[in-house]
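K.L.:
One file is attached below, target-v7.txt, containing compact mmCIF, N, CA and C atoms.
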# COMPACT_ATOMS: atom_id res chain seq x y z
N MET A 1 63.10 108.34 109.29
CA MET A 1 64.45 108.22 109.80
C MET A 1 64.69 106.80 110.29
N GLU A 2 65.78 106.21 109.87
CA GLU A 2 66.11 104.85 110.28
C GLU A 2 67.04 104.88 111.49
N ARG A 3 66.64 104.16 112.53
CA ARG A 3 67.45 104.10 113.74
C ARG A 3 68.64 103.17 113.53
N PRO A 4 69.80 103.54 114.09
CA PRO A 4 70.95 102.61 114.01
C PRO A 4 70.70 101.40 114.89
N ASN A 5 71.26 100.26 114.50
CA ASN A 5 71.17 99.10 115.39
C ASN A 5 72.13 99.34 116.55
N TRP A 6 72.15 98.45 117.54
CA TRP A 6 72.96 98.67 118.74
C TRP A 6 74.45 98.77 118.41
N ASP A 7 74.94 97.90 117.53
CA ASP A 7 76.35 97.95 117.18
C ASP A 7 76.71 99.27 116.51
N GLU A 8 75.88 99.73 115.61
CA GLU A 8 76.12 101.01 114.94
C GLU A 8 76.08 102.16 115.95
N TYR A 9 75.13 102.10 116.85
CA TYR A 9 74.97 103.13 117.88
C TYR A 9 76.22 103.25 118.74
N PHE A 10 76.69 102.13 119.27
CA PHE A 10 77.85 102.17 120.15
C PHE A 10 79.13 102.51 119.38
N MET A 11 79.22 102.11 118.12
CA MET A 11 80.39 102.47 117.32
C MET A 11 80.41 103.98 117.05
N LYS A 12 79.25 104.57 116.85
CA LYS A 12 79.19 106.02 116.66
C LYS A 12 79.68 106.74 117.91
N ILE A 13 79.37 106.19 119.06
CA ILE A 13 79.85 106.77 120.32
C ILE A 13 81.37 106.61 120.41
N ALA A 14 81.90 105.46 119.98
CA ALA A 14 83.35 105.26 119.97
C ALA A 14 84.02 106.27 119.04
N ALA A 15 83.43 106.50 117.88
CA ALA A 15 83.99 107.46 116.93
C ALA A 15 83.96 108.87 117.50
N PHE A 16 82.89 109.21 118.20
CA PHE A 16 82.80 110.53 118.84
C PHE A 16 83.85 110.65 119.95
N THR A 17 84.04 109.58 120.70
CA THR A 17 85.05 109.55 121.77
C THR A 17 86.44 109.78 121.19
N ALA A 18 86.69 109.22 120.01
CA ALA A 18 88.00 109.38 119.36
C ALA A 18 88.33 110.84 119.08
N GLU A 19 87.33 111.68 118.99
CA GLU A 19 87.56 113.10 118.74
C GLU A 19 88.30 113.77 119.89
N ARG A 20 88.33 113.14 121.06
CA ARG A 20 89.09 113.67 122.21
C ARG A 20 90.56 113.28 122.15
N SER A 21 90.93 112.40 121.24
CA SER A 21 92.30 111.91 121.13
C SER A 21 93.28 113.05 120.93
N THR A 22 94.46 112.89 121.52
CA THR A 22 95.53 113.87 121.31
C THR A 22 96.66 113.28 120.47
N CYS A 23 96.46 112.07 119.96
CA CYS A 23 97.49 111.43 119.14
C CYS A 23 97.58 112.11 117.77
N ILE A 24 98.80 112.40 117.37
CA ILE A 24 99.03 113.05 116.09
C ILE A 24 98.82 112.09 114.93
N ARG A 25 99.16 110.82 115.13
CA ARG A 25 99.12 109.83 114.04
C ARG A 25 97.72 109.26 113.79
N ARG A 26 96.99 108.97 114.87
CA ARG A 26 95.72 108.28 114.69
C ARG A 26 94.85 108.48 115.93
N GLY A 27 93.68 109.04 115.74
CA GLY A 27 92.73 109.17 116.84
C GLY A 27 91.90 107.90 116.95
N VAL A 28 91.91 107.32 118.14
CA VAL A 28 91.18 106.07 118.36
C VAL A 28 90.24 106.26 119.55
N GLY A 29 89.05 105.70 119.44
CA GLY A 29 88.08 105.71 120.53
C GLY A 29 87.62 104.30 120.84
N ALA A 30 87.26 104.08 122.10
CA ALA A 30 86.77 102.77 122.53
C ALA A 30 85.62 102.96 123.51
N VAL A 31 84.66 102.05 123.43
CA VAL A 31 83.52 102.04 124.35
C VAL A 31 83.31 100.60 124.79
N ILE A 32 83.24 100.40 126.10
CA ILE A 32 82.97 99.08 126.66
C ILE A 32 81.51 99.05 127.09
N VAL A 33 80.80 98.04 126.59
CA VAL A 33 79.36 97.93 126.80
C VAL A 33 79.01 96.57 127.38
N LYS A 34 78.12 96.58 128.35
CA LYS A 34 77.63 95.33 128.93
C LYS A 34 76.13 95.46 129.11
N ASP A 35 75.39 94.50 128.58
CA ASP A 35 73.93 94.53 128.66
C ASP A 35 73.36 95.84 128.14
N ARG A 36 73.91 96.32 127.05
CA ARG A 36 73.49 97.56 126.38
C ARG A 36 73.67 98.81 127.23
N HIS A 37 74.56 98.74 128.20
CA HIS A 37 74.90 99.89 129.04
C HIS A 37 76.37 100.20 128.87
N ILE A 38 76.70 101.47 128.71
CA ILE A 38 78.10 101.88 128.58
C ILE A 38 78.75 101.80 129.96
N MET A 39 79.82 101.00 130.03
CA MET A 39 80.56 100.83 131.28
C MET A 39 81.73 101.80 131.35
N ALA A 40 82.36 102.08 130.21
CA ALA A 40 83.52 102.96 130.18
C ALA A 40 83.82 103.37 128.75
N THR A 41 84.52 104.49 128.63
CA THR A 41 84.99 104.95 127.33
C THR A 41 86.47 105.29 127.45
N GLY A 42 87.14 105.38 126.31
CA GLY A 42 88.54 105.77 126.32
C GLY A 42 88.98 106.26 124.95
N TYR A 43 89.98 107.10 124.97
CA TYR A 43 90.61 107.55 123.72
C TYR A 43 92.11 107.56 123.95
N ASN A 44 92.88 107.61 122.88
CA ASN A 44 94.33 107.56 123.03
C ASN A 44 94.91 108.94 123.24
N GLY A 45 95.84 109.00 124.21
CA GLY A 45 96.51 110.25 124.53
C GLY A 45 97.48 110.03 125.67
N ALA A 46 98.26 111.05 125.95
CA ALA A 46 99.27 110.97 127.01
C ALA A 46 98.61 110.74 128.37
N PRO A 47 99.31 110.08 129.28
CA PRO A 47 98.78 109.88 130.63
C PRO A 47 98.50 111.23 131.30
N ARG A 48 97.64 111.22 132.30
CA ARG A 48 97.30 112.45 133.04
C ARG A 48 98.56 113.17 133.52
N GLY A 49 98.58 114.47 133.29
CA GLY A 49 99.69 115.29 133.77
C GLY A 49 100.95 115.23 132.93
N ILE A 50 100.93 114.46 131.85
CA ILE A 50 102.08 114.32 130.96
C ILE A 50 101.81 115.10 129.68
N ALA A 51 102.83 115.79 129.19
CA ALA A 51 102.67 116.58 127.96
C ALA A 51 102.33 115.68 126.78
N HIS A 52 101.42 116.16 125.94
CA HIS A 52 101.04 115.44 124.73
C HIS A 52 102.13 115.61 123.67
N CYS A 53 102.13 114.75 122.67
CA CYS A 53 103.15 114.77 121.62
C CYS A 53 103.24 116.15 120.95
N GLU A 54 102.10 116.75 120.71
CA GLU A 54 102.09 118.06 120.06
C GLU A 54 102.87 119.08 120.90
N GLU A 55 102.73 118.96 122.23
CA GLU A 55 103.44 119.86 123.14
C GLU A 55 104.93 119.51 123.24
N ARG A 56 105.27 118.29 122.82
CA ARG A 56 106.66 117.82 122.86
C ARG A 56 107.38 118.05 121.54
N GLY A 57 106.71 118.66 120.60
CA GLY A 57 107.34 118.91 119.31
C GLY A 57 107.11 117.82 118.29
N GLY A 58 106.15 116.96 118.55
CA GLY A 58 105.79 115.94 117.57
C GLY A 58 105.88 114.53 118.10
N CYS A 59 105.53 113.61 117.25
CA CYS A 59 105.50 112.19 117.58
C CYS A 59 106.88 111.57 117.33
N ILE A 60 107.43 110.95 118.34
CA ILE A 60 108.76 110.33 118.21
C ILE A 60 108.76 109.20 117.18
N ARG A 61 107.68 108.41 117.14
CA ARG A 61 107.62 107.31 116.17
C ARG A 61 107.57 107.86 114.75
N GLU A 62 106.87 108.98 114.58
CA GLU A 62 106.78 109.60 113.26
C GLU A 62 108.15 110.17 112.86
N LYS A 63 108.83 110.81 113.80
CA LYS A 63 110.16 111.38 113.52
C LYS A 63 111.15 110.31 113.12
N LEU A 64 111.02 109.11 113.70
CA LEU A 64 111.94 108.01 113.40
C LEU A 64 111.44 107.11 112.27
N ASN A 65 110.34 107.51 111.62
CA ASN A 65 109.75 106.75 110.52
C ASN A 65 109.40 105.31 110.91
N VAL A 66 108.91 105.14 112.13
CA VAL A 66 108.48 103.81 112.60
C VAL A 66 107.15 103.49 111.92
N PRO A 67 107.04 102.38 111.24
CA PRO A 67 105.79 102.02 110.57
C PRO A 67 104.64 101.84 111.57
N SER A 68 103.46 102.09 111.10
CA SER A 68 102.26 101.88 111.91
C SER A 68 102.21 100.43 112.37
N GLY A 69 101.83 100.23 113.63
CA GLY A 69 101.71 98.88 114.17
C GLY A 69 102.98 98.34 114.78
N GLU A 70 104.05 99.15 114.80
CA GLU A 70 105.34 98.68 115.34
C GLU A 70 105.85 99.62 116.43
N ARG A 71 106.66 99.06 117.33
CA ARG A 71 107.38 99.81 118.37
C ARG A 71 106.46 100.65 119.26
N HIS A 72 105.38 100.04 119.74
CA HIS A 72 104.44 100.75 120.61
C HIS A 72 105.08 101.25 121.89
N GLU A 73 106.14 100.60 122.33
CA GLU A 73 106.80 101.02 123.57
C GLU A 73 107.41 102.41 123.47
N MET A 74 107.60 102.91 122.26
CA MET A 74 108.15 104.25 122.06
C MET A 74 107.09 105.34 122.16
N CYS A 75 105.83 104.96 122.16
CA CYS A 75 104.72 105.90 122.13
C CYS A 75 104.40 106.39 123.54
N ILE A 76 104.19 107.67 123.70
CA ILE A 76 103.84 108.26 124.99
C ILE A 76 102.37 108.00 125.35
N ALA A 77 101.55 107.73 124.36
CA ALA A 77 100.11 107.61 124.58
C ALA A 77 99.69 106.31 125.26
N VAL A 78 98.63 106.43 126.03
CA VAL A 78 97.88 105.27 126.52
C VAL A 78 96.81 105.04 125.46
N HIS A 79 96.65 103.81 125.02
CA HIS A 79 95.70 103.52 123.95
C HIS A 79 94.26 103.61 124.45
N ALA A 80 93.34 103.80 123.51
CA ALA A 80 91.92 103.97 123.84
C ALA A 80 91.38 102.78 124.63
N GLU A 81 91.72 101.57 124.20
CA GLU A 81 91.24 100.37 124.89
C GLU A 81 91.79 100.31 126.30
N GLN A 82 93.05 100.65 126.45
CA GLN A 82 93.68 100.66 127.78
C GLN A 82 92.99 101.68 128.69
N ASN A 83 92.74 102.87 128.16
CA ASN A 83 92.07 103.90 128.96
C ASN A 83 90.66 103.47 129.36
N ALA A 84 89.94 102.81 128.47
CA ALA A 84 88.59 102.35 128.80
C ALA A 84 88.64 101.26 129.88
N ILE A 85 89.57 100.32 129.76
CA ILE A 85 89.70 99.26 130.76
C ILE A 85 90.11 99.85 132.11
N ILE A 86 91.03 100.81 132.09
CA ILE A 86 91.45 101.48 133.32
C ILE A 86 90.29 102.24 133.95
N GLN A 87 89.52 102.94 133.13
CA GLN A 87 88.38 103.70 133.64
C GLN A 87 87.38 102.78 134.34
N ALA A 88 87.11 101.63 133.73
CA ALA A 88 86.19 100.67 134.35
C ALA A 88 86.74 100.20 135.69
N ALA A 89 88.04 99.93 135.74
CA ALA A 89 88.66 99.47 137.00
C ALA A 89 88.58 100.55 138.07
N VAL A 90 88.87 101.78 137.71
CA VAL A 90 88.82 102.89 138.67
C VAL A 90 87.40 103.06 139.23
N MET A 91 86.42 102.83 138.38
CA MET A 91 85.03 102.97 138.80
C MET A 91 84.49 101.71 139.48
N GLY A 92 85.30 100.67 139.54
CA GLY A 92 84.88 99.43 140.19
C GLY A 92 83.85 98.64 139.40
N GLU A 93 83.90 98.77 138.07
CA GLU A 93 82.94 98.10 137.19
C GLU A 93 83.55 96.83 136.60
N SER A 94 82.87 95.70 136.74
CA SER A 94 83.33 94.48 136.10
C SER A 94 82.97 94.53 134.62
N ILE A 95 83.96 94.30 133.77
CA ILE A 95 83.71 94.28 132.32
C ILE A 95 83.83 92.88 131.76
N SER A 96 83.90 91.90 132.64
CA SER A 96 83.94 90.51 132.20
C SER A 96 82.65 90.19 131.45
N GLY A 97 82.79 89.65 130.26
CA GLY A 97 81.63 89.32 129.44
C GLY A 97 81.14 90.47 128.57
N ALA A 98 81.81 91.61 128.62
CA ALA A 98 81.38 92.80 127.88
C ALA A 98 81.79 92.75 126.42
N THR A 99 81.30 93.73 125.68
CA THR A 99 81.68 93.98 124.29
C THR A 99 82.48 95.26 124.27
N ILE A 100 83.54 95.29 123.47
CA ILE A 100 84.29 96.54 123.27
C ILE A 100 84.13 96.98 121.82
N TYR A 101 83.78 98.24 121.65
CA TYR A 101 83.66 98.87 120.33
C TYR A 101 84.88 99.77 120.18
N ILE A 102 85.65 99.55 119.11
CA ILE A 102 86.89 100.30 118.91
C ILE A 102 86.91 100.81 117.47
N THR A 103 87.35 102.04 117.30
CA THR A 103 87.39 102.59 115.95
C THR A 103 88.44 101.91 115.08
N HIS A 104 89.45 101.27 115.70
CA HIS A 104 90.49 100.55 114.96
C HIS A 104 90.79 99.22 115.64
N GLN A 105 91.21 98.25 114.88
CA GLN A 105 91.60 96.95 115.44
C GLN A 105 92.63 97.17 116.54
N PRO A 106 92.54 96.44 117.64
CA PRO A 106 93.52 96.62 118.71
C PRO A 106 94.91 96.12 118.34
N CYS A 107 95.91 96.77 118.93
CA CYS A 107 97.29 96.30 118.78
C CYS A 107 97.46 95.08 119.70
N VAL A 108 98.60 94.43 119.63
CA VAL A 108 98.84 93.23 120.43
C VAL A 108 98.81 93.53 121.93
N ILE A 109 99.32 94.69 122.33
CA ILE A 109 99.31 95.06 123.76
C ILE A 109 97.87 95.17 124.26
N CYS A 110 97.03 95.85 123.51
CA CYS A 110 95.63 96.00 123.90
C CYS A 110 94.88 94.67 123.80
N ALA A 111 95.23 93.86 122.82
CA ALA A 111 94.59 92.55 122.68
C ALA A 111 94.81 91.72 123.94
N LYS A 112 96.03 91.75 124.47
CA LYS A 112 96.31 90.99 125.70
C LYS A 112 95.49 91.51 126.87
N MET A 113 95.33 92.82 126.95
CA MET A 113 94.51 93.40 128.03
C MET A 113 93.04 93.02 127.87
N ILE A 114 92.55 93.04 126.64
CA ILE A 114 91.16 92.68 126.36
C ILE A 114 90.90 91.23 126.78
N ILE A 115 91.82 90.35 126.45
CA ILE A 115 91.69 88.94 126.82
C ILE A 115 91.63 88.81 128.34
N ASN A 116 92.58 89.40 129.04
CA ASN A 116 92.64 89.25 130.49
C ASN A 116 91.52 89.98 131.22
N ALA A 117 90.93 90.99 130.60
CA ALA A 117 89.80 91.70 131.21
C ALA A 117 88.51 90.89 131.10
N GLY A 118 88.52 89.84 130.29
CA GLY A 118 87.33 89.00 130.14
C GLY A 118 86.33 89.51 129.13
N ILE A 119 86.74 90.46 128.29
CA ILE A 119 85.85 90.97 127.25
C ILE A 119 85.61 89.85 126.25
N LYS A 120 84.37 89.68 125.84
CA LYS A 120 84.01 88.52 125.01
C LYS A 120 83.69 88.85 123.56
N ARG A 121 83.53 90.13 123.25
CA ARG A 121 83.16 90.50 121.87
C ARG A 121 83.92 91.77 121.50
N ILE A 122 84.50 91.78 120.30
CA ILE A 122 85.28 92.92 119.82
C ILE A 122 84.70 93.36 118.49
N ILE A 123 84.23 94.60 118.45
CA ILE A 123 83.68 95.18 117.22
C ILE A 123 84.59 96.34 116.83
N VAL A 124 85.07 96.35 115.59
CA VAL A 124 85.93 97.43 115.13
C VAL A 124 85.38 98.04 113.84
N LYS A 125 85.78 99.26 113.60
CA LYS A 125 85.37 99.96 112.39
C LYS A 125 86.43 99.85 111.30
N ASP A 126 87.70 100.00 111.69
CA ASP A 126 88.80 99.97 110.73
C ASP A 126 89.88 99.00 111.19
N GLY A 127 90.68 98.54 110.25
CA GLY A 127 91.76 97.62 110.56
C GLY A 127 92.98 98.31 111.12
N TYR A 128 94.00 97.51 111.40
CA TYR A 128 95.28 98.00 111.92
C TYR A 128 96.32 96.93 111.61
N PRO A 129 97.51 97.33 111.18
CA PRO A 129 98.51 96.34 110.74
C PRO A 129 99.22 95.63 111.90
N ASP A 130 98.52 94.72 112.57
CA ASP A 130 99.12 93.97 113.67
C ASP A 130 98.56 92.55 113.65
N GLN A 131 99.17 91.68 112.87
CA GLN A 131 98.69 90.30 112.72
C GLN A 131 98.81 89.51 114.01
N LEU A 132 99.83 89.78 114.83
CA LEU A 132 99.98 89.07 116.10
C LEU A 132 98.75 89.29 116.99
N SER A 133 98.21 90.48 116.96
CA SER A 133 96.99 90.79 117.71
C SER A 133 95.85 89.86 117.28
N VAL A 134 95.64 89.76 115.99
CA VAL A 134 94.59 88.90 115.45
C VAL A 134 94.84 87.45 115.86
N ASP A 135 96.08 87.01 115.78
CA ASP A 135 96.43 85.63 116.09
C ASP A 135 96.18 85.28 117.56
N ILE A 136 96.59 86.16 118.48
CA ILE A 136 96.39 85.81 119.90
C ILE A 136 94.93 85.92 120.31
N LEU A 137 94.22 86.86 119.71
CA LEU A 137 92.78 86.95 120.01
C LEU A 137 92.08 85.68 119.53
N LYS A 138 92.44 85.22 118.34
CA LYS A 138 91.85 83.99 117.81
C LYS A 138 92.18 82.80 118.71
N GLU A 139 93.43 82.69 119.15
CA GLU A 139 93.83 81.61 120.04
C GLU A 139 93.05 81.65 121.36
N ALA A 140 92.71 82.85 121.80
CA ALA A 140 91.94 83.02 123.05
C ALA A 140 90.44 82.81 122.83
N GLY A 141 90.05 82.52 121.59
CA GLY A 141 88.63 82.28 121.31
C GLY A 141 87.84 83.54 121.02
N LEU A 142 88.55 84.63 120.73
CA LEU A 142 87.89 85.89 120.40
C LEU A 142 88.07 86.20 118.92
N LYS A 143 87.05 86.79 118.35
CA LYS A 143 87.09 87.14 116.95
C LYS A 143 86.89 88.65 116.82
N ILE A 144 87.67 89.27 115.97
CA ILE A 144 87.47 90.69 115.67
C ILE A 144 86.39 90.78 114.60
N VAL A 145 85.32 91.47 114.92
CA VAL A 145 84.21 91.62 113.98
C VAL A 145 84.25 93.04 113.41
N MET A 146 84.37 93.13 112.09
CA MET A 146 84.34 94.43 111.43
C MET A 146 82.89 94.90 111.38
N LEU A 147 82.65 96.12 111.75
CA LEU A 147 81.29 96.65 111.77
C LEU A 147 80.61 96.50 110.41
N SER A 148 81.38 96.65 109.35
CA SER A 148 80.80 96.55 108.02
C SER A 148 80.25 95.16 107.71
N SER A 149 80.71 94.14 108.47
CA SER A 149 80.23 92.78 108.21
C SER A 149 79.01 92.41 109.08
N ILE A 150 78.55 93.34 109.89
CA ILE A 150 77.39 93.05 110.74
C ILE A 150 76.11 93.28 109.98
So, in terms of structure tokens, how does the structure I just supplied come out?
P.N.:
Amino acid sequence: MERPNWDEYFMKIAAFTAERSTCIRRGVGAVIVKDRHIMATGYNGAPRGIAHCEERGGCIREKLNVPSGERHEMCIAVHAEQNAIIQAAVMGESISGATIYITHQPCVICAKMIINAGIKRIIVKDGYPDQLSVDILKEAGLKIVMLSSI
């Protein structure tokens, strides 16, 4: 049996975390790791105490035919990266210098949070149609690394 390397290991945990997602369009999972220790996890879904899209009769962005990667402000969900960053903050954990493993490339909103949280490495499994996210991460000195290229 071949053991996964660290990046594969943490990405598998991100993928498993995504299974908790309540998003109708796309389940996303994120894991923040520092010194090979998991600091926080997150998946996308409605904020605590708020009805999920399925309970609301569906996704508003889907009903309005909003393309993927656009009009995030219309979405009820908190993104996986946001939930992981929030979880770390609630627990009083510094994630400055950490790596984030995400099942999908972050959107521009999450990219800005990743930059300001001091995360230094971004590993993703799948892409996402948000070029502005890629551009601002690059300008901030961060590179999105596709797991397949490791």
K.L.:
Could you list, as a ChimeraX atom specification, every residue within 9 Å of region 60-74 of chain A, counting only C-alpha atoms and ignoring same-chain residues fewer than 6 positions away?
P.N.:
/A:24-25,53,107-109,128-130
K.L.:
Could you check which of A:Ala89, A:Ala140, A:Cys59, A:Val28 is closest to Ala40 (chain A), using all atoms listed in the file?
P.N.:
A:Ala89
K.L.:
Under the rule that only N, CA and C atoms are counted, which of A:Gly42, A:Gly49, A:Gly118, A:Gly127 is the nearest residue to Gln105 (chain A)?
P.N.:
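Closest to Gln105 (chain A) of all the choices is A:Gly127.
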K.L.:
Work out how far apart CA of Ala80 (chain A) and CA of Ile50 (chain A) are and give it in Å to one decimal.
P.N.:
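A separation of 16.2 Å between them.
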K.L.:
Just how far from atom N of Thr103 (chain A) is atom N of Leu132 (chain A), in Å to one decimal?
P.N.:
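A separation of 17.7 Å between them.
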K.L.:
Tell me, in Å to one decimal, how far atom N of Arg36 (chain A) is from CA of Met113 (chain A).
P.N.:
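Answer for the atom N of Arg36 (chain A) to CA of Met113 (chain A) separation: 20.8 Å.
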K.L.:
Nearest to Ser94 (chain A) among A:Val31, A:Met39, A:Leu137, A:Pro4, with distances taken over all atoms listed in the file: which residue is it?
P.N.:
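Nearest to Ser94 (chain A): A:Met39.
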K.L.:
Based on the backbone DSSP call, show me all residues of chain A assigned alpha helix (DSSP H), as a count of residues only.
P.N.:
47
K.L.:
So that I can check the surroundings of Ile95 (chain A), please list as an MDAnalysis selection string every protein, DNA and RNA residue that reaches within 8 Å of it, counting only C-alpha atoms and ignoring chain neighbours fewer than 4 positions away.
P.N.:
chainID A and resid 32:34 39 85 88 117:119
K.L.:
Using only N, CA and C atoms, which of the listed residues (A:Gly141, A:Ala98, A:Gln82, A:His104) sits closest to Lys125 (chain A)?
P.N.:
A:His104
K.L.:
Within 12 Å of region 142-147 of chain A, counting only C-alpha atoms, which residues qualify if same-chain residues fewer than 4 places away don't, as an mmCIF file with N, CA and C atoms, in the coordinates of the input?
P.N.:
data_model
loop_
_atom_site.group_PDB
_atom_site.id
_atom_site.type_symbol
_atom_site.label_atom_id
_atom_site.label_comp_id
_atom_site.auth_asym_id
_atom_site.auth_seq_id
_atom_site.Cartn_x
_atom_site.Cartn_y
_atom_site.Cartn_z
ATOM 1 N N ASN A 5 71.260 100.260 114.500
ATOM 2 C CA ASN A 5 71.170 99.100 115.390
ATOM 3 C C ASN A 5 72.130 99.340 116.550
ATOM 4 N N TRP A 6 72.150 98.450 117.540
ATOM 5 C CA TRP A 6 72.960 98.670 118.740
ATOM 6 C C TRP A 6 74.450 98.770 118.410
ATOM 7 N N ASP A 7 74.940 97.900 117.530
ATOM 8 C CA ASP A 7 76.350 97.950 117.180
ATOM 9 C C ASP A 7 76.710 99.270 116.510
ATOM 10 N N GLU A 8 75.880 99.730 115.610
ATOM 11 C CA GLU A 8 76.120 101.010 114.940
ATOM 12 C C GLU A 8 76.080 102.160 115.950
ATOM 13 N N TYR A 9 75.130 102.100 116.850
ATOM 14 C CA TYR A 9 74.970 103.130 117.880
ATOM 15 C C TYR A 9 76.220 103.250 118.740
ATOM 16 N N PHE A 10 76.690 102.130 119.270
ATOM 17 C CA PHE A 10 77.850 102.170 120.150
ATOM 18 C C PHE A 10 79.130 102.510 119.380
ATOM 19 N N MET A 11 79.220 102.110 118.120
ATOM 20 C CA MET A 11 80.390 102.470 117.320
ATOM 21 C C MET A 11 80.410 103.980 117.050
ATOM 22 N N LYS A 12 79.250 104.570 116.850
ATOM 23 C CA LYS A 12 79.190 106.020 116.660
ATOM 24 C C LYS A 12 79.680 106.740 117.910
ATOM 25 N N GLY A 97 82.790 89.650 130.260
ATOM 26 C CA GLY A 97 81.630 89.320 129.440
ATOM 27 C C GLY A 97 81.140 90.470 128.570
ATOM 28 N N THR A 99 81.300 93.730 125.680
ATOM 29 C CA THR A 99 81.680 93.980 124.290
ATOM 30 C C THR A 99 82.480 95.260 124.270
ATOM 31 N N ILE A 100 83.540 95.290 123.470
ATOM 32 C CA ILE A 100 84.290 96.540 123.270
ATOM 33 C C ILE A 100 84.130 96.980 121.820
ATOM 34 N N TYR A 101 83.780 98.240 121.650
ATOM 35 C CA TYR A 101 83.660 98.870 120.330
ATOM 36 C C TYR A 101 84.880 99.770 120.180
ATOM 37 N N ILE A 102 85.650 99.550 119.110
ATOM 38 C CA ILE A 102 86.890 100.300 118.910
ATOM 39 C C ILE A 102 86.910 100.810 117.470
ATOM 40 N N THR A 103 87.350 102.040 117.300
ATOM 41 C CA THR A 103 87.390 102.590 115.950
ATOM 42 C C THR A 103 88.440 101.910 115.080
ATOM 43 N N HIS A 104 89.450 101.270 115.700
ATOM 44 C CA HIS A 104 90.490 100.550 114.960
ATOM 45 C C HIS A 104 90.790 99.220 115.640
ATOM 46 N N GLN A 105 91.210 98.250 114.880
ATOM 47 C CA GLN A 105 91.600 96.950 115.440
ATOM 48 C C GLN A 105 92.630 97.170 116.540
ATOM 49 N N PRO A 106 92.540 96.440 117.640
ATOM 50 C CA PRO A 106 93.520 96.620 118.710
ATOM 51 C C PRO A 106 94.910 96.120 118.340
ATOM 52 N N CYS A 107 95.910 96.770 118.930
ATOM 53 C CA CYS A 107 97.290 96.300 118.780
ATOM 54 C C CYS A 107 97.460 95.080 119.700
ATOM 55 N N ALA A 111 95.230 93.860 122.820
ATOM 56 C CA ALA A 111 94.590 92.550 122.680
ATOM 57 C C ALA A 111 94.810 91.720 123.940
ATOM 58 N N LYS A 112 96.030 91.750 124.470
ATOM 59 C CA LYS A 112 96.310 90.990 125.700
ATOM 60 C C LYS A 112 95.490 91.510 126.870
ATOM 61 N N ILE A 114 92.550 93.040 126.640
ATOM 62 C CA ILE A 114 91.160 92.680 126.360
ATOM 63 C C ILE A 114 90.900 91.230 126.780
ATOM 64 N N ILE A 115 91.820 90.350 126.450
ATOM 65 C CA ILE A 115 91.690 88.940 126.820
ATOM 66 C C ILE A 115 91.630 88.810 128.340
ATOM 67 N N ASN A 116 92.580 89.400 129.040
ATOM 68 C CA ASN A 116 92.640 89.250 130.490
ATOM 69 C C ASN A 116 91.520 89.980 131.220
ATOM 70 N N GLY A 118 88.520 89.840 130.290
ATOM 71 C CA GLY A 118 87.330 89.000 130.140
ATOM 72 C C GLY A 118 86.330 89.510 129.130
ATOM 73 N N ILE A 119 86.740 90.460 128.290
ATOM 74 C CA ILE A 119 85.850 90.970 127.250
ATOM 75 C C ILE A 119 85.610 89.850 126.250
ATOM 76 N N LYS A 120 84.370 89.680 125.840
ATOM 77 C CA LYS A 120 84.010 88.520 125.010
ATOM 78 C C LYS A 120 83.690 88.850 123.560
ATOM 79 N N ARG A 121 83.530 90.130 123.250
ATOM 80 C CA ARG A 121 83.160 90.500 121.870
ATOM 81 C C ARG A 121 83.920 91.770 121.500
ATOM 82 N N ILE A 122 84.500 91.780 120.300
ATOM 83 C CA ILE A 122 85.280 92.920 119.820
ATOM 84 C C ILE A 122 84.700 93.360 118.490
ATOM 85 N N ILE A 123 84.230 94.600 118.450
ATOM 86 C CA ILE A 123 83.680 95.180 117.220
ATOM 87 C C ILE A 123 84.590 96.340 116.830
ATOM 88 N N VAL A 124 85.070 96.350 115.590
ATOM 89 C CA VAL A 124 85.930 97.430 115.130
ATOM 90 C C VAL A 124 85.380 98.040 113.840
ATOM 91 N N LYS A 125 85.780 99.260 113.600
ATOM 92 C CA LYS A 125 85.370 99.960 112.390
ATOM 93 C C LYS A 125 86.430 99.850 111.300
ATOM 94 N N ASP A 126 87.700 100.000 111.690
ATOM 95 C CA ASP A 126 88.800 99.970 110.730
ATOM 96 C C ASP A 126 89.880 99.000 111.190
ATOM 97 N N GLY A 127 90.680 98.540 110.250
ATOM 98 C CA GLY A 127 91.760 97.620 110.560
ATOM 99 C C GLY A 127 92.980 98.310 111.120
ATOM 100 N N TYR A 128 94.000 97.510 111.400
ATOM 101 C CA TYR A 128 95.280 98.000 111.920
ATOM 102 C C TYR A 128 96.320 96.930 111.610
ATOM 103 N N GLN A 131 99.170 91.680 112.870
ATOM 104 C CA GLN A 131 98.690 90.300 112.720
ATOM 105 C C GLN A 131 98.810 89.510 114.010
ATOM 106 N N SER A 133 98.210 90.480 116.960
ATOM 107 C CA SER A 133 96.990 90.790 117.710
ATOM 108 C C SER A 133 95.850 89.860 117.280
ATOM 109 N N VAL A 134 95.640 89.760 115.990
ATOM 110 C CA VAL A 134 94.590 88.900 115.450
ATOM 111 C C VAL A 134 94.840 87.450 115.860
ATOM 112 N N ASP A 135 96.080 87.010 115.780
ATOM 113 C CA ASP A 135 96.430 85.630 116.090
ATOM 114 C C ASP A 135 96.180 85.280 117.560
ATOM 115 N N ILE A 136 96.590 86.160 118.480
ATOM 116 C CA ILE A 136 96.390 85.810 119.900
ATOM 117 C C ILE A 136 94.930 85.920 120.310
ATOM 118 N N LEU A 137 94.220 86.860 119.710
ATOM 119 C CA LEU A 137 92.780 86.950 120.010
ATOM 120 C C LEU A 137 92.080 85.680 119.530
ATOM 121 N N LYS A 138 92.440 85.220 118.340
ATOM 122 C CA LYS A 138 91.850 83.990 117.810
ATOM 123 C C LYS A 138 92.180 82.800 118.710
#
K.L.:
Counting only N, CA and C atoms, what is within 6.5 Å of Glu81 (chain A), bar same-chain residues fewer than 4 positions away, as a ChimeraX atom specification?
P.N.:
/A:29-30,42-44,85-86,110
K.L.:
Report as number ranges by chain: the residues of chain A with a DSSP assignment of strand (DSSP E or B), based on the backbone of this structure.
P.N.:
A: 29-34, 37-43, 45, 78, 99-104, 121-126, 144-146
K.L.:
Report the centre and edge lengths, in Å to one decimal, of an axis-aligned box enclosing every atom of region 4-11 of chain A listed in the file, padded by 8 Å on each side, as JSON.
P.N.:
{"center_x": 75.1, "center_y": 100.9, "center_z": 117.1, "size_x": 26.6, "size_y": 22.1, "size_z": 22.1}
